[in-house]
$ cat start_0.txt   # compact mmCIF, C-alpha atoms
# COMPACT_ATOMS: atom_id res chain seq x y z
CA MET H 1 0.00 0.00 0.00
CA GLU H 2 2.93 2.33 0.64
CA LYS H 3 3.86 2.05 -3.04
CA THR H 4 0.31 2.94 -4.06
CA LEU H 5 0.22 5.99 -1.80
CA LYS H 6 3.54 7.20 -3.19
CA GLN H 7 2.18 6.75 -6.74
CA PHE H 8 -1.10 8.46 -5.78
CA ASP H 9 0.78 11.43 -4.33
CA GLN H 10 2.97 11.77 -7.44
CA ILE H 11 0.00 11.67 -9.81
CA MET H 12 -1.97 14.12 -7.68
CA LYS H 13 1.02 16.45 -7.71
CA GLU H 14 0.95 16.35 -11.54
CA CYS H 15 -2.83 16.86 -11.61
CA ALA H 16 -2.56 19.76 -9.15
CA THR H 17 0.12 21.38 -11.32
CA VAL H 18 -2.27 21.29 -14.28
CA PHE H 19 -5.08 22.68 -12.10
CA ILE H 20 -2.89 25.53 -10.80
CA LYS H 21 -1.64 26.48 -14.27
CA LYS H 22 -5.15 26.42 -15.73
CA THR H 23 -6.37 28.52 -12.82
CA LYS H 24 -3.68 31.08 -13.67
CA ASP H 25 -4.71 31.00 -17.34
CA TYR H 26 -8.50 30.93 -16.94
CA GLY H 27 -9.25 31.90 -13.38
CA THR H 28 -12.11 29.88 -11.93
CA SER H 29 -14.26 30.04 -15.06
CA TRP H 30 -15.27 26.42 -14.32
CA ARG H 31 -17.46 27.82 -11.54
CA ILE H 32 -20.08 28.77 -14.17
CA LEU H 33 -20.66 25.07 -14.88
CA ARG H 34 -23.52 23.31 -13.20
CA PRO H 35 -22.66 19.91 -11.72
CA SER H 36 -24.51 18.21 -14.59
CA SER H 37 -22.27 20.02 -17.10
CA LEU H 38 -19.19 18.79 -15.25
CA THR H 39 -20.64 15.27 -15.34
CA ASP H 40 -21.07 15.57 -19.10
CA GLN H 41 -17.48 16.82 -19.47
CA LEU H 42 -16.32 13.76 -17.54
CA TYR H 43 -18.49 11.55 -19.74
CA ILE H 44 -16.89 12.99 -22.89
CA LYS H 45 -13.39 12.22 -21.58
CA ALA H 46 -14.29 8.67 -20.49
CA LYS H 47 -16.07 7.92 -23.79
CA ARG H 48 -12.98 9.13 -25.71
CA ILE H 49 -10.78 6.76 -23.73
CA ARG H 50 -13.16 3.86 -24.40
CA SER H 51 -13.38 4.74 -28.09
CA ILE H 52 -9.59 4.68 -28.42
CA GLU H 53 -9.42 1.39 -26.48
CA GLU H 54 -11.96 -0.18 -28.83
CA LYS H 55 -10.51 1.24 -32.07
CA GLY H 56 -6.91 0.63 -31.08
CA GLN H 57 -5.84 3.99 -32.47
CA GLN H 58 -6.37 7.69 -32.02
CA LYS H 59 -6.31 10.62 -34.44
CA VAL H 60 -6.11 13.49 -31.93
CA GLU H 61 -2.73 13.76 -30.25
CA ASP H 62 -4.05 14.38 -26.71
CA SER H 63 -2.84 11.45 -24.67
CA ILE H 64 -5.08 9.02 -22.83
CA ALA H 65 -3.10 9.91 -19.71
CA SER H 66 -4.16 13.55 -20.10
CA ASP H 67 -7.79 12.41 -20.32
CA TYR H 68 -7.42 10.40 -17.11
CA MET H 69 -5.88 13.48 -15.48
CA GLY H 70 -8.87 15.46 -16.75
CA LEU H 71 -11.16 12.91 -15.10
CA VAL H 72 -9.34 13.50 -11.82
CA ASN H 73 -9.46 17.28 -12.04
CA TYR H 74 -13.02 17.63 -13.33
CA SER H 75 -14.24 15.24 -10.62
CA ILE H 76 -12.58 17.39 -7.98
CA LEU H 77 -14.16 20.49 -9.51
CA ALA H 78 -17.56 18.78 -9.45
CA ILE H 79 -17.18 17.92 -5.77
CA ILE H 80 -16.16 21.50 -5.02
CA GLN H 81 -19.21 22.77 -6.90
CA LEU H 82 -21.44 20.48 -4.84
CA THR H 83 -20.03 21.83 -1.59
CA MET H 84 -20.30 25.50 -2.52
CA ASP H 85 -23.25 27.73 -1.79
CA SER H 86 -25.16 28.67 -4.93
CA ASN H 87 -24.57 32.34 -4.11
CA ALA H 88 -20.78 31.96 -3.91
CA PRO H 89 -18.87 34.18 -6.33
CA LEU H 90 -17.84 32.75 -9.69
CA GLU H 91 -14.31 34.08 -9.45
CA LEU H 92 -12.37 32.71 -6.54
CA GLU H 93 -8.96 33.74 -5.34
CA PRO H 94 -6.49 31.22 -6.78
CA LYS H 95 -5.21 30.46 -3.27
CA VAL H 96 -8.73 29.60 -2.10
CA ALA H 97 -9.39 27.42 -5.14
CA VAL H 98 -6.14 25.52 -4.53
CA GLU H 99 -7.00 25.04 -0.84
CA TRP H 100 -10.42 23.59 -1.75
CA TYR H 101 -8.77 21.38 -4.37
CA GLU H 102 -6.24 20.10 -1.82
CA ASP H 103 -9.00 19.45 0.74
CA GLN H 104 -10.81 17.21 -1.75
CA VAL H 105 -7.57 15.43 -2.65
CA ASN H 106 -6.98 14.64 1.04
CA ILE H 107 -10.51 13.30 1.53
CA THR H 108 -10.19 11.16 -1.60
CA ARG H 109 -6.75 9.89 -0.51
CA ASP H 110 -8.26 8.78 2.81
CA LEU H 111 -10.99 6.94 0.90
CA LEU H 112 -8.35 5.20 -1.21
CA ILE H 113 -6.55 4.05 1.93
CA SER H 114 -9.75 2.60 3.39
CA LYS H 115 -10.85 0.88 0.19
CA ASN H 116 -7.38 -0.47 -0.56
CA HIS H 117 -7.33 -1.95 2.93
CA ASP H 118 -10.64 -3.72 2.40
CA TYR H 119 -10.13 -4.77 -1.23
CA GLY H 120 -6.43 -5.61 -1.00
CA GLU H 121 -5.38 -3.60 -4.06
CA VAL H 122 -7.36 -5.84 -6.39
CA TRP H 123 -7.31 -2.96 -8.91
CA ARG H 124 -3.72 -3.95 -9.76
CA GLU H 125 -5.12 -7.16 -11.28
CA MET H 126 -7.77 -5.37 -13.33
CA ARG H 127 -7.64 -4.45 -16.98
CA LEU H 128 -7.47 -0.78 -17.97
CA SER H 129 -10.57 -1.31 -20.10
CA SER H 130 -12.49 -2.50 -17.02
CA MET H 131 -11.52 0.65 -15.13
CA THR H 132 -12.74 2.73 -18.05
CA ASP H 133 -16.04 0.84 -17.98
CA LEU H 134 -16.37 1.33 -14.22
CA ILE H 135 -15.78 5.06 -14.65
CA LEU H 136 -18.48 5.18 -17.33
CA MET H 137 -20.86 3.22 -15.08
CA LYS H 138 -20.22 5.68 -12.24
CA LEU H 139 -20.97 8.56 -14.62
CA LEU H 140 -24.23 6.97 -15.73
CA ARG H 141 -25.17 6.56 -12.07
CA ILE H 142 -24.36 10.22 -11.42
CA LYS H 143 -26.46 11.27 -14.42
CA GLN H 144 -29.40 9.23 -13.10
CA ILE H 145 -29.05 10.72 -9.62
CA GLU H 146 -28.87 14.22 -11.16
CA ASP H 147 -31.99 13.46 -13.21
CA ASN H 148 -33.64 12.39 -9.94
CA LYS H 149 -32.72 15.78 -8.44
CA GLY H 150 -30.17 14.20 -6.11
CA GLU H 151 -32.62 11.78 -4.52
CA THR H 152 -31.57 8.18 -3.88
CA LEU H 153 -33.36 5.42 -2.03
CA ILE H 154 -30.42 3.27 -1.03
CA SER H 155 -27.43 4.35 -3.08
CA GLU H 156 -24.50 6.57 -2.22
CA GLY H 157 -24.59 10.13 -3.49
CA VAL H 158 -22.85 11.76 -6.41
CA ASP H 159 -19.85 12.86 -4.34
CA ALA H 160 -18.95 9.25 -3.54
CA ASN H 161 -19.21 8.36 -7.23
CA TYR H 162 -16.96 11.29 -8.18
CA ARG H 163 -14.40 10.11 -5.61
CA ASP H 164 -14.50 6.60 -7.06
CA ILE H 165 -13.90 8.09 -10.52
CA ILE H 166 -10.87 9.96 -9.18
CA ASN H 167 -9.43 6.80 -7.69
CA TYR H 168 -10.11 4.66 -10.79
CA ALA H 169 -8.51 7.34 -12.97
CA ILE H 170 -5.47 7.41 -10.69
CA PHE H 171 -5.24 3.62 -10.75
CA SER H 172 -5.37 3.80 -14.54
CA LEU H 173 -2.60 6.38 -14.62
CA ILE H 174 -0.49 4.17 -12.35
CA LYS H 175 -1.07 1.19 -14.64
CA LEU H 176 -0.22 3.25 -17.75
CA GLU H 177 3.02 4.43 -16.13
CA GLU H 178 3.94 0.91 -15.08
CA GLN H 179 3.25 -0.40 -18.60
CA LYS H 180 5.44 2.34 -20.05
CA ASN H 181 8.25 1.46 -17.63
CA GLN H 182 8.02 -2.25 -18.52
CA LYS H 183 8.59 -1.41 -22.19
CA LYS H 184 11.83 0.41 -21.41
$ encode --input "start_0.txt" --output "structure tokens"
Amino acid sequence: MEKTLKQFDQIMKECATVFIKKTKDYGTSWRILRPSSLTDQLYIKAKRIRSIEEKGQQKVEDSIASDYMGLVNYSILAIIQLTMDSNAPLELEPKVAVEWYEDQVNITRDLLISKNHDYGEVWREMRLSSMTDLILMKLLRIKQIEDNKGETLISEGVDANYRDIINYAIFSLIKLEEQKNQKK
């Protein structure tokens, strides 16, 4: 598990770097997006990954790894949006945005620790394509919950699904990195 946490921390550092740079470029323009729009953005990224997996080739140079990083960052943005008051300002101080981002990373890291304890890092034995499918399933669940105005009878809420997406995307990035290292 120590190896996984080290890998998680490294990937989150890379994702945070992208988030910080984009915040400098664009401010917090993402704040205008409703949670359902963020869900659709996540869906687009996950469907692209699946399409490339199925076709075995890609025509746009953006890497699959960058799409997985996008899944991480957009999921964090969606969780932040869910926690913010609807009257909160659209433009946030970059320092505040980064603090909220880091808070969500820490909560998600704690979830990873708990789940890895219970599941014994079974994700390391999974196929990348299965992780993509699980991410898509989580997104379809989120869409259904959103269509039901956030109401569930027995299921966990959208925030838990977003956190699972973050962790599956990080697991996928770890597996991609390990595959790349094996080829060297």
$ residues_around --input "start_0.txt" --residues "segment 46-54 of chain H" --least-positions-apart "6" --cutoff "7 Å" --atoms "only C-alpha atoms" --output "PyMOL selection string"
chain H and resi 64+132+136
$ closest_atom_pairs --input "start_0.txt" --of "segment 24-85 of chain H" --to "segment 158-172 of chain H" --cutoff "7 Å" --atoms "only C-alpha atoms" --output "JSON lines"
{"residue": "H:Tyr68", "atom": "CA", "partner": "H:Ala169", "partner_atom": "CA", "distance": 5.3}
{"residue": "H:Leu71", "atom": "CA", "partner": "H:Ala169", "partner_atom": "CA", "distance": 6.5}
{"residue": "H:Val72", "atom": "CA", "partner": "H:Ile166", "partner_atom": "CA", "distance": 4.7}
{"residue": "H:Ser75", "atom": "CA", "partner": "H:Tyr162", "partner_atom": "CA", "distance": 5.4}
{"residue": "H:Ile79", "atom": "CA", "partner": "H:Asp159", "partner_atom": "CA", "distance": 5.9}
$ closest_residue --input "start_0.txt" --among "H:Asp62, H:Val98, H:Ser37, H:Leu42" --to "Cys15 of chain H" --atoms "all atoms listed in the file"
H:Val98
$ closest_residue --input "start_0.txt" --among "H:Leu173, H:Met126, H:Met69, H:Ile44" --to "Phe19 of chain H" --atoms "only C-alpha atoms"
H:Met69
$ closest_residue --input "start_0.txt" --among "H:Val60, H:Leu82, H:Leu90, H:Ile11" --to "Gly150 of chain H" --atoms "all atoms listed in the file"
H:Leu82
$ closest_residue --input "start_0.txt" --among "H:Leu134, H:Val96, H:Leu77, H:Ile174" --to "Trp30 of chain H" --atoms "all atoms listed in the file"
H:Leu77
$ axis_aligned_box --input "start_0.txt" --around "segment 88-91 of chain H" --padding-each-side "5 Å" --output "AutoDock Vina command-line options"
--center_x -17.5 --center_y 33.1 --center_z -6.8 --size_x 16.5 --size_y 12.2 --size_z 15.8
$ residues_around --input "start_0.txt" --residues "Val122 of chain H" --least-positions-apart "6" --cutoff "12 Å" --atoms "only C-alpha atoms" --output "PyMOL selection string"
chain H and resi 1+4+115-116+131+168+171
$ closest_residue --input "start_0.txt" --among "H:Thr23, H:Thr39, H:Gln10, H:Gln182" --to "Lys138 of chain H" --atoms "all atoms listed in the file"
H:Thr39
$ atom_distance --input "start_0.txt" --atom1 "atom CA of Gly120 of chain H" --atom2 "atom CA of Phe8 of chain H"
15.8 Å
$ closest_residue --input "start_0.txt" --among "H:Leu176, H:Ile32, H:Leu112, H:Ile145" --to "Arg127 of chain H" --atoms "all atoms listed in the file"
H:Leu176
$ atom_distance --input "start_0.txt" --atom1 "atom CA of Leu5 of chain H" --atom2 "atom CA of Tyr74 of chain H"
21.1 Å
